[in-house]
>>> print(open('start27.csv').read())   # CSV, C-alpha atoms
chain,number,residue,atom,x,y,z
A,4,MET,CA,105.0,101.2,108.5
A,5,GLU,CA,104.6,97.4,108.7
A,6,GLU,CA,101.7,97.1,106.3
A,7,LEU,CA,103.6,98.9,103.6
A,8,LYS,CA,106.7,96.8,104.1
A,9,ASN,CA,104.6,93.6,103.9
A,10,ARG,CA,103.1,94.7,100.6
A,11,ILE,CA,106.5,95.5,99.3
A,12,ARG,CA,107.7,92.0,100.3
A,13,GLN,CA,104.7,90.4,98.8
A,14,GLU,CA,104.1,92.4,95.6
A,15,GLY,CA,107.2,94.5,94.9
A,16,ALA,CA,109.1,93.4,91.8
A,17,ILE,CA,112.8,93.8,92.4
A,18,LEU,CA,114.3,93.9,89.0
A,19,SER,CA,117.9,94.6,90.1
A,20,ASP,CA,119.7,95.9,93.1
A,21,ARG,CA,118.4,99.4,92.4
A,22,VAL,CA,115.0,99.0,90.6
A,23,LEU,CA,111.9,98.2,92.6
A,24,LYS,CA,108.5,98.1,90.9
A,25,VAL,CA,105.5,98.7,93.1
A,26,ASP,CA,103.0,99.5,90.4
A,27,SER,CA,100.4,96.9,91.5
A,28,PHE,CA,99.6,98.9,94.6
A,29,LEU,CA,101.3,102.3,94.7
A,30,ASN,CA,102.0,104.0,91.4
A,31,HIS,CA,100.1,102.6,88.5
A,32,GLN,CA,97.3,100.7,90.2
A,33,VAL,CA,96.8,102.3,93.6
A,34,ASP,CA,95.3,100.7,96.7
A,35,THR,CA,93.3,103.6,97.9
A,36,GLU,CA,93.1,102.4,101.5
A,37,LEU,CA,96.9,101.9,101.7
A,38,ALA,CA,97.4,105.3,100.2
A,39,LEU,CA,95.1,106.9,102.8
A,40,ALA,CA,97.0,105.1,105.5
A,41,THR,CA,100.3,106.6,104.3
A,42,GLY,CA,98.7,110.0,104.6
A,43,ARG,CA,97.8,109.4,108.2
A,44,GLU,CA,101.3,108.2,108.9
A,45,PHE,CA,102.8,111.5,107.5
A,46,ALA,CA,100.2,113.6,109.3
A,47,GLY,CA,101.1,111.8,112.6
A,48,ALA,CA,104.9,112.2,112.1
A,49,PHE,CA,104.6,115.9,111.5
A,50,ALA,CA,101.7,116.5,113.8
A,51,ASP,CA,103.3,119.4,115.7
A,52,GLU,CA,104.3,121.4,112.6
A,53,ASN,CA,101.1,123.2,111.9
A,54,ILE,CA,101.3,122.2,108.2
A,55,THR,CA,99.3,124.5,105.9
A,56,LYS,CA,100.1,122.8,102.6
A,57,VAL,CA,101.4,119.6,101.1
A,58,LEU,CA,103.6,119.8,98.0
A,59,THR,CA,104.5,117.0,95.5
A,60,ILE,CA,105.4,116.5,91.9
A,61,GLU,CA,103.3,115.0,89.1
A,62,ALA,CA,102.4,112.3,88.6
A,63,SER,CA,103.0,109.5,91.1
A,64,GLY,CA,103.3,111.8,94.1
A,65,ILE,CA,99.8,113.0,93.7
A,66,GLN,CA,98.0,110.2,95.5
A,67,PHE,CA,100.2,110.5,98.5
A,68,ALA,CA,100.0,114.2,98.7
A,69,MET,CA,96.2,113.9,98.5
A,70,ALA,CA,96.2,111.4,101.3
A,71,ALA,CA,98.4,113.6,103.5
A,72,GLY,CA,96.2,116.6,102.6
A,73,ILE,CA,93.1,114.6,103.6
A,74,ALA,CA,94.7,113.6,106.9
A,75,LEU,CA,95.9,117.1,107.7
A,76,GLY,CA,92.8,118.9,106.4
A,77,VAL,CA,94.9,121.1,104.0
A,78,PRO,CA,95.2,121.6,100.3
A,79,PHE,CA,98.0,120.1,98.3
A,80,VAL,CA,100.0,121.4,95.3
A,81,TYR,CA,101.7,119.4,92.6
A,82,ALA,CA,104.6,120.8,90.7
A,83,LYS,CA,104.4,120.4,86.9
A,84,LYS,CA,107.0,118.9,84.8
A,85,LYS,CA,107.8,120.2,81.5
A,86,LYS,CA,110.7,120.1,79.1
A,87,ALA,CA,110.2,123.6,77.7
A,88,ILE,CA,112.5,126.0,79.5
A,89,THR,CA,110.1,129.0,79.3
A,90,GLN,CA,111.0,130.8,82.5
A,91,SER,CA,108.2,133.0,83.8
A,92,ASP,CA,108.0,135.6,86.5
A,93,SER,CA,104.9,134.0,88.0
A,94,VAL,CA,106.3,130.5,88.7
A,95,TYR,CA,109.0,129.1,90.9
A,96,THR,CA,111.1,126.7,88.9
A,97,ALA,CA,113.9,124.2,89.5
A,98,GLU,CA,116.0,122.1,87.1
A,99,VAL,CA,115.8,118.3,87.8
A,100,HIS,CA,118.1,115.8,86.2
A,101,SER,CA,116.6,112.4,85.8
A,102,PHE,CA,119.3,109.7,85.9
A,103,THR,CA,117.0,107.0,84.7
A,104,ARG,CA,115.9,108.9,81.7
A,105,GLY,CA,119.2,110.7,81.1
A,106,GLU,CA,117.4,114.1,80.6
A,107,THR,CA,117.0,117.3,82.4
A,108,TYR,CA,113.6,118.8,82.9
A,109,GLN,CA,112.1,121.8,84.6
A,110,ILE,CA,109.6,121.6,87.4
A,111,SER,CA,107.4,124.6,88.3
A,112,VAL,CA,104.9,125.8,90.9
A,113,ASP,CA,102.7,128.9,90.4
A,114,GLN,CA,103.9,131.5,92.9
A,115,ARG,CA,100.3,132.1,94.1
A,116,TYR,CA,100.3,128.7,95.8
A,117,LEU,CA,103.3,129.0,98.1
A,118,SER,CA,103.7,132.0,100.4
A,119,PRO,CA,105.9,132.9,103.4
A,120,GLN,CA,102.9,132.2,105.6
A,121,ASP,CA,102.9,128.5,104.6
A,122,ASN,CA,104.3,125.5,106.5
A,123,VAL,CA,105.0,123.0,103.8
A,124,LEU,CA,105.4,119.2,103.9
A,125,ILE,CA,106.8,117.7,100.7
A,126,VAL,CA,105.6,114.2,99.9
A,127,ASP,CA,106.7,111.8,97.2
A,128,ASP,CA,106.4,108.1,96.4
A,129,PHE,CA,110.2,107.5,96.3
A,130,LEU,CA,113.3,109.0,97.8
A,131,ALA,CA,116.1,107.5,95.7
A,132,THR,CA,118.5,109.9,93.9
A,133,GLY,CA,116.7,112.7,95.5
A,134,ALA,CA,116.8,114.8,92.3
A,135,ALA,CA,113.1,115.8,92.2
A,136,LEU,CA,112.9,116.2,95.9
A,137,VAL,CA,115.9,118.6,96.0
A,138,GLY,CA,114.2,120.6,93.3
A,139,LEU,CA,111.0,120.8,95.4
A,140,VAL,CA,113.0,121.9,98.5
A,141,ASP,CA,114.6,124.7,96.5
A,142,ILE,CA,111.2,125.8,95.3
A,143,VAL,CA,109.8,125.9,98.8
A,144,ARG,CA,112.8,127.9,100.1
A,145,ALA,CA,112.6,130.3,97.1
A,146,SER,CA,109.0,131.0,98.1
A,147,GLY,CA,109.8,132.0,101.6
A,148,ALA,CA,107.6,129.3,103.0
A,149,ARG,CA,108.8,127.2,106.0
A,150,LEU,CA,109.8,123.7,104.9
A,151,VAL,CA,108.6,121.3,107.6
A,152,GLY,CA,110.2,118.2,106.0
A,153,VAL,CA,110.0,115.5,103.4
A,154,GLY,CA,107.8,112.5,103.6
A,155,ALA,CA,108.8,109.6,101.3
A,156,VAL,CA,106.6,106.5,101.0
A,157,ILE,CA,109.6,104.3,100.1
A,158,GLU,CA,113.2,105.3,100.6
A,159,LYS,CA,116.1,103.5,98.9
A,160,SER,CA,118.7,104.4,101.5
A,161,PHE,CA,121.6,103.1,99.5
A,162,GLN,CA,121.1,105.8,96.9
A,163,GLU,CA,122.3,109.4,97.4
A,164,GLY,CA,118.9,111.2,98.0
A,165,ARG,CA,119.0,111.1,101.8
A,166,GLY,CA,122.4,112.5,101.9
A,167,LEU,CA,121.5,115.4,99.6
A,168,LEU,CA,118.5,116.3,101.6
A,169,GLU,CA,120.4,116.0,104.9
A,170,GLU,CA,123.0,118.4,103.5
A,171,LYS,CA,120.2,120.9,103.1
A,172,ASP,CA,119.1,120.3,106.7
A,173,VAL,CA,115.8,118.7,105.7
A,174,ARG,CA,114.0,116.5,108.1
A,175,ILE,CA,113.1,113.2,106.4
A,176,HIS,CA,110.4,110.7,107.3
A,177,SER,CA,110.2,107.6,105.2
A,178,LEU,CA,107.5,104.9,105.7
A,179,ALA,CA,109.6,102.0,104.4
A,180,ARG,CA,113.4,102.4,104.3
A,181,ILE,CA,115.2,99.9,102.2
A,182,ILE,CA,118.9,99.4,103.0
A,183,SER,CA,119.6,96.8,100.4
A,184,MET,CA,117.8,94.6,97.9
A,185,LYS,CA,118.2,92.1,95.1
A,186,PRO,CA,115.8,90.0,93.2
A,187,GLY,CA,113.8,88.0,95.7
A,188,GLU,CA,115.2,89.8,98.7
A,189,VAL,CA,114.6,93.2,100.4
A,190,HIS,CA,116.0,94.5,103.7
A,191,PHE,CA,114.5,97.3,105.6
A,192,ALA,CA,116.0,99.5,108.2
A,193,GLU,CA,114.5,99.4,111.6
A,194,GLU,CA,112.0,102.2,111.9
A,195,ASP,CA,113.5,103.5,115.2
A,196,ARG,CA,117.1,103.2,114.0
A,197,ARG,CA,118.8,106.5,113.4
A,198,ALA,CA,120.6,107.5,110.3
A,199,GLY,CA,124.0,107.5,112.0
A,200,GLU,CA,123.7,104.0,113.4
A,201,LEU,CA,122.5,102.8,110.0
A,202,ALA,CA,125.5,104.4,108.2
A,203,LYS,CA,127.9,102.9,110.7
A,204,GLU,CA,126.4,99.5,110.3
A,205,ARG,CA,126.7,99.7,106.5
A,206,SER,CA,130.3,101.0,106.5
B,25,MET,CA,77.2,120.0,91.7
B,26,GLU,CA,76.5,123.5,93.0
B,27,GLU,CA,79.6,123.9,95.1
B,28,LEU,CA,81.8,123.1,92.2
B,29,LYS,CA,80.0,125.5,89.9
B,30,ASN,CA,80.4,128.3,92.5
B,31,ARG,CA,84.1,127.7,92.7
B,32,ILE,CA,84.4,127.8,88.9
B,33,ARG,CA,82.4,131.1,88.9
B,34,GLN,CA,84.6,132.5,91.7
B,35,GLU,CA,88.0,131.2,90.9
B,36,GLY,CA,88.0,129.9,87.3
B,37,ALA,CA,90.1,132.0,84.9
B,38,ILE,CA,88.4,132.1,81.5
B,39,LEU,CA,91.2,133.0,79.1
B,40,SER,CA,89.1,132.6,75.9
B,41,ASP,CA,85.9,131.1,74.8
B,42,ARG,CA,87.6,127.7,75.0
B,43,VAL,CA,90.3,127.9,77.7
B,44,LEU,CA,89.3,127.6,81.4
B,45,LYS,CA,92.0,127.5,84.1
B,46,VAL,CA,91.0,126.0,87.4
B,47,ASP,CA,94.5,125.5,88.8
B,48,SER,CA,93.8,127.2,92.1
B,49,PHE,CA,91.5,124.5,93.3
B,50,LEU,CA,91.4,121.5,90.9
B,51,ASN,CA,94.5,120.7,88.9
B,52,HIS,CA,97.7,122.4,90.3
B,53,GLN,CA,96.7,123.4,93.8
B,54,VAL,CA,93.9,121.0,94.9
B,55,ASP,CA,91.2,121.6,97.4
B,56,THR,CA,91.2,118.1,99.0
B,57,GLU,CA,87.7,118.5,100.5
B,58,LEU,CA,86.3,119.5,97.2
B,59,ALA,CA,88.1,116.7,95.4
B,60,LEU,CA,86.7,114.2,98.0
B,61,ALA,CA,83.2,115.6,97.3
B,62,THR,CA,83.5,115.0,93.6
B,63,GLY,CA,84.3,111.4,94.4
B,64,ARG,CA,81.2,111.1,96.4
B,65,GLU,CA,79.2,112.6,93.6
B,66,PHE,CA,80.6,110.0,91.1
B,67,ALA,CA,80.0,107.2,93.5
B,68,GLY,CA,76.4,108.3,94.0
B,69,ALA,CA,75.7,108.7,90.3
B,70,PHE,CA,77.0,105.2,89.5
B,71,ALA,CA,75.9,103.5,92.8
B,72,ASP,CA,74.1,100.6,91.1
B,73,GLU,CA,76.9,99.6,88.9
B,74,ASN,CA,79.0,97.4,91.2
B,75,ILE,CA,82.1,99.3,90.2
B,76,THR,CA,85.3,97.3,90.9
B,77,LYS,CA,87.9,99.8,89.6
B,78,VAL,CA,88.3,103.4,88.7
B,79,LEU,CA,90.5,104.3,85.7
B,80,THR,CA,92.0,107.7,84.8
B,81,ILE,CA,95.1,109.1,83.1
B,82,GLU,CA,98.1,110.9,84.6
B,83,ALA,CA,98.4,113.5,85.9
B,84,SER,CA,95.4,115.7,86.7
B,85,GLY,CA,92.9,112.9,86.7
B,86,ILE,CA,94.6,111.2,89.7
B,87,GLN,CA,93.1,113.2,92.5
B,88,PHE,CA,89.6,112.6,91.2
B,89,ALA,CA,90.1,108.9,90.6
B,90,MET,CA,91.5,108.6,94.1
B,91,ALA,CA,88.4,110.5,95.4
B,92,ALA,CA,86.1,108.1,93.5
B,93,GLY,CA,88.1,105.1,94.7
B,94,ILE,CA,87.8,106.3,98.3
B,95,ALA,CA,84.0,106.8,98.0
B,96,LEU,CA,83.5,103.5,96.3
B,97,GLY,CA,86.0,101.5,98.3
B,98,VAL,CA,87.9,100.2,95.3
B,99,PRO,CA,91.4,100.7,93.8
B,100,PHE,CA,92.1,103.0,90.9
B,101,VAL,CA,94.5,102.8,88.0
B,102,TYR,CA,96.1,105.6,86.1
B,103,ALA,CA,97.1,105.2,82.5
B,104,LYS,CA,100.7,106.3,81.8
B,105,LYS,CA,101.5,108.8,79.0
B,106,LYS,CA,104.6,108.3,77.0
B,107,LYS,CA,105.9,109.5,73.7
B,108,ALA,CA,107.9,106.4,73.0
B,109,ILE,CA,105.9,104.0,70.8
B,110,THR,CA,107.3,100.8,72.3
B,111,GLN,CA,104.4,98.5,72.0
B,112,SER,CA,104.4,95.7,74.5
B,113,ASP,CA,102.4,92.5,74.8
B,114,SER,CA,101.7,93.2,78.4
B,115,VAL,CA,100.0,96.6,78.1
B,116,TYR,CA,96.9,97.9,76.6
B,117,THR,CA,97.6,101.0,74.6
B,118,ALA,CA,95.8,103.8,72.7
B,119,GLU,CA,97.0,106.7,70.6
B,120,VAL,CA,95.8,110.1,71.8
B,121,HIS,CA,96.1,113.3,69.8
B,122,SER,CA,96.5,116.4,71.8
B,123,PHE,CA,95.0,119.4,70.0
B,124,THR,CA,96.4,121.9,72.4
B,125,ARG,CA,100.0,120.5,72.1
B,126,GLY,CA,99.7,119.5,68.5
B,127,GLU,CA,101.3,116.1,69.2
B,128,THR,CA,100.2,112.5,69.4
B,129,TYR,CA,101.2,110.4,72.4
B,130,GLN,CA,100.6,106.9,73.6
B,131,ILE,CA,98.7,106.0,76.8
B,132,SER,CA,99.1,102.6,78.3
B,133,VAL,CA,97.7,100.4,81.1
B,134,ASP,CA,99.3,97.2,82.3
B,135,GLN,CA,97.1,94.3,81.3
B,136,ARG,CA,97.2,92.9,84.9
B,137,TYR,CA,95.1,95.8,86.2
B,138,LEU,CA,92.0,95.4,84.0
B,139,SER,CA,90.2,92.1,83.5
B,140,PRO,CA,86.9,90.9,82.1
B,141,GLN,CA,85.7,90.6,85.7
B,142,ASP,CA,86.0,94.3,86.3
B,143,ASN,CA,83.3,97.0,86.2
B,144,VAL,CA,85.2,100.1,85.4
B,145,LEU,CA,84.4,103.8,85.9
B,146,ILE,CA,86.6,106.2,84.0
B,147,VAL,CA,87.1,109.6,85.7
B,148,ASP,CA,89.0,112.7,84.5
B,149,ASP,CA,89.2,116.4,85.3
B,150,PHE,CA,87.9,117.6,81.9
B,151,LEU,CA,85.7,116.4,79.1
B,152,ALA,CA,86.5,118.7,76.2
B,153,THR,CA,87.9,117.3,73.0
B,154,GLY,CA,87.5,113.8,74.5
B,155,ALA,CA,90.7,112.6,73.0
B,156,ALA,CA,92.2,111.1,76.1
B,157,LEU,CA,88.8,109.7,77.3
B,158,VAL,CA,88.2,108.0,74.0
B,159,GLY,CA,91.6,106.3,74.4
B,160,LEU,CA,90.7,105.2,77.9
B,161,VAL,CA,87.3,103.8,76.6
B,162,ASP,CA,89.1,101.8,73.9
B,163,ILE,CA,91.5,100.4,76.5
B,164,VAL,CA,88.7,99.3,78.8
B,165,ARG,CA,87.0,97.6,75.9
B,166,ALA,CA,90.2,95.9,74.7
B,167,SER,CA,90.6,94.5,78.2
B,168,GLY,CA,87.1,92.8,78.2
B,169,ALA,CA,86.1,94.7,81.3
B,170,ARG,CA,82.6,96.3,81.4
B,171,LEU,CA,82.7,100.0,81.1
B,172,VAL,CA,80.2,101.6,83.5
B,173,GLY,CA,80.6,105.1,82.2
B,174,VAL,CA,82.7,108.3,82.3
B,175,GLY,CA,82.7,110.8,85.1
B,176,ALA,CA,84.0,114.2,84.2
B,177,VAL,CA,84.5,116.9,86.8
B,178,ILE,CA,84.1,119.7,84.2
B,179,GLU,CA,82.6,119.2,80.8
B,180,LYS,CA,82.9,121.8,78.1
B,181,SER,CA,79.8,120.8,76.2
B,182,PHE,CA,80.5,123.0,73.2
B,183,GLN,CA,83.5,120.9,72.3
B,184,GLU,CA,83.3,117.5,70.6
B,185,GLY,CA,84.1,115.1,73.4
B,186,ARG,CA,80.6,114.4,74.5
B,187,GLY,CA,79.5,113.5,71.0
B,188,LEU,CA,82.5,111.2,70.5
B,189,LEU,CA,81.7,109.3,73.7
B,190,GLU,CA,78.0,109.1,72.9
B,191,GLU,CA,78.8,107.6,69.5
B,192,LYS,CA,80.5,104.9,71.5
B,193,ASP,CA,77.4,104.4,73.7
B,194,VAL,CA,79.2,105.6,76.8
B,195,ARG,CA,77.2,106.9,79.7
B,196,ILE,CA,78.5,110.3,80.8
B,197,HIS,CA,78.1,112.0,84.2
B,198,SER,CA,79.6,115.5,84.4
B,199,LEU,CA,79.6,117.5,87.7
B,200,ALA,CA,79.7,120.9,86.0
B,201,ARG,CA,78.6,121.2,82.4
B,202,ILE,CA,79.6,124.4,80.7
B,203,ILE,CA,77.5,125.2,77.6
B,204,SER,CA,79.3,128.5,76.8
B,205,MET,CA,81.9,130.9,78.3
B,206,LYS,CA,83.9,133.9,77.6
B,207,PRO,CA,86.1,136.0,79.8
B,208,GLY,CA,84.1,137.0,82.9
B,209,GLU,CA,81.1,134.9,82.0
B,210,VAL,CA,80.3,131.2,82.3
B,211,HIS,CA,77.0,129.4,81.5
B,212,PHE,CA,76.2,126.0,82.9
B,213,ALA,CA,73.6,123.5,81.7
B,214,GLU,CA,70.9,122.6,84.1
B,215,GLU,CA,71.9,119.4,85.8
B,216,ASP,CA,68.6,117.7,85.0
B,217,ARG,CA,68.5,118.8,81.4
B,218,ARG,CA,69.0,116.0,78.9
B,219,ALA,CA,71.6,116.1,76.1
B,220,GLY,CA,68.9,116.2,73.4
B,221,GLU,CA,67.1,119.2,74.9
B,222,LEU,CA,70.4,121.0,75.3
B,223,ALA,CA,71.4,120.3,71.7
B,224,LYS,CA,68.0,121.6,70.5
B,225,GLU,CA,68.4,124.8,72.5
B,226,ARG,CA,71.8,125.4,71.1
B,227,SER,CA,70.9,124.8,67.5
>>> encode(input="start27.csv", output="structure tokens")
Amino acid sequence: MEELKNRIRQEGAILSDRVLKVDSFLNHQVDTELALATGREFAGAFADENITKVLTIEASGIQFAMAAGIALGVPFVYAKKKKAITQSDSVYTAEVHSFTRGETYQISVDQRYLSPQDNVLIVDDFLATGAALVGLVDIVRASGARLVGVGAVIEKSFQEGRGLLEEKDVRIHSLARIISMKPGEVHFAEEDRRAGELAKERS
Amino acid sequence: MEELKNRIRQEGAILSDRVLKVDSFLNHQVDTELALATGREFAGAFADENITKVLTIEASGIQFAMAAGIALGVPFVYAKKKKAITQSDSVYTAEVHSFTRGETYQISVDQRYLSPQDNVLIVDDFLATGAALVGLVDIVRASGARLVGVGAVIEKSFQEGRGLLEEKDVRIHSLARIISMKPGEVHFAEEDRRAGELAKERS
């Protein structure tokens, strides 16, 4: 998604070779037009999948799940984060380890909002370590719903998230795929380049 | 907003005379069409205010701030919650006491995203104790921006939030104003009834 890549080039703050801040337009202040455009991209990429529901995790996935829900004409659900480990019969839960915060938290979705009749697209702002997204995948599968795939606004391909999702046979569609970065410099994968070719090039 | 009130009557779970759960359509699973409609209502109510930015707080305000941002054609900002009390020169902060959780947390907005040139509409899912909204009002005023008002999707008029905002001379527009409730029963204020008349009636 060329417009998104341009904004990352112009406004993204690359603090290290792993940390990219995009809070001027994606996840603190939000450019609503750009967010809506990401939703249309996801809807187009998964157009043949008869999606019935979009799933994300609070907080910074919400604007993109909403955008995808608007483009697809379906509701969205956001998993709740909580530290309390109060298991309940009425929610699907997964444990997520945050590497940046060094803590493990629980995410949960009320069982009423995912069913075996659903075709679910998972959406989030970042695919990096993949920890939260793997948790969402596990929740969808526990519910019996069909997982259509994962849509990430920004993928940091040099982190392990893509590999973890591919191990689980999850289709991934990222709108801006960063293969490397350092302060002042960001390199994107070509959109039509396949994962295998990319891996070969990087090895 | 009649459609919203009907959904509250049909799907709201009133757990006590103070606790209303609307997580099947507003703040866990989200009806995207209904959320968009709330945004249009807010945009209409504040149409003459030349709003340049919508402000909310993570997580459950995001879908309504996005909807208002879409309707108004402006970006939105969501304040971050954190427990850490690491004051920074580059953020506006406020302390918020959560009565339900019995804890105080800090909310913050990067100073780059609110300026004296902004006309700001604050939006949230609930106006109840008003704690978080008062914090957002203080942040807007600290920034020098002009506060246009507060838009609440649901107001529980029998809690203290409205009074706290009115003391601060904040214009309030709520889409569904609950004057009393108990399990199985919810009573709304008439939309065109003024706060003074309502208070008289309740006294």
>>> closest_atom_pairs(input="start27.csv", of="chain A", to="chain B", cutoff="7 Å", atoms="only C-alpha atoms", output="Markdown table")
| residue | atom | partner | partner_atom | distance |
| --- | --- | --- | --- | --- |
| A:His31 | CA | B:Tyr102 | CA | 5.5 |
| A:Gln32 | CA | B:Val101 | CA | 4.1 |
| A:Val33 | CA | B:Phe100 | CA | 5.5 |
| A:Asp34 | CA | B:Pro99 | CA | 4.9 |
| A:Thr35 | CA | B:Pro99 | CA | 5.4 |
| A:Glu61 | CA | B:Ala83 | CA | 6.0 |
| A:Ala62 | CA | B:Ala83 | CA | 5.0 |
| A:Ile65 | CA | B:Ile86 | CA | 6.8 |
| A:Gln66 | CA | B:Gln87 | CA | 6.5 |
| A:Met69 | CA | B:Thr56 | CA | 6.5 |
| A:Gly72 | CA | B:Thr56 | CA | 6.3 |
| A:Ile73 | CA | B:Thr56 | CA | 6.1 |
| A:Val77 | CA | B:Thr56 | CA | 6.9 |
| A:Pro78 | CA | B:Asp55 | CA | 4.9 |
| A:Phe79 | CA | B:Val54 | CA | 5.4 |
| A:Val80 | CA | B:Gln53 | CA | 4.1 |
| A:Tyr81 | CA | B:His52 | CA | 5.5 |
| A:Tyr116 | CA | B:Gln53 | CA | 6.7 |
>>> closest_residue(input="start27.csv", among="B:Asp41, B:Glu27, B:Glu127, B:Glu73", to="Arg195 (chain B)", atoms="all atoms listed in the file")
B:Glu73
>>> closest_residue(input="start27.csv", among="A:Ala40, A:Ala179, A:Gly47, A:Gly147", to="Ser118 (chain A)", atoms="only C-alpha atoms")
A:Gly147
>>> closest_residue(input="start27.csv", among="B:Arg170, B:Val147, B:Lys106, B:Ile163", to="Ile196 (chain B)", atoms="only C-alpha atoms")
B:Val147
>>> closest_residue(input="start27.csv", among="B:Ala118, B:Thr76, B:Phe70, B:Phe182", to="Val158 (chain B)", atoms="all atoms listed in the file")
B:Ala118
>>> residues_around(input="start27.csv", residues="Leu151 (chain B)", least_positions_apart="5", cutoff="9 Å", atoms="only C-alpha atoms", output="ChimeraX atom specification")
/B:156-157,175-181,183-186,198
>>> atom_distance(input="start27.csv", atom1="CA of Leu167 (chain A)", atom2="CA of Val153 (chain A)")
12.1 Å
>>> atom_distance(input="start27.csv", atom1="CA of Glu188 (chain A)", atom2="CA of Lys8 (chain A)")
12.3 Å
>>> atom_distance(input="start27.csv", atom1="CA of Lys105 (chain B)", atom2="CA of Arg125 (chain B)")
13.7 Å
>>> residues_around(input="start27.csv", residues="Val173 (chain A)", least_positions_apart="2", cutoff="8 Å", atoms="only C-alpha atoms", output="PyMOL selection string")
chain A and resi 150-153+168-171+175
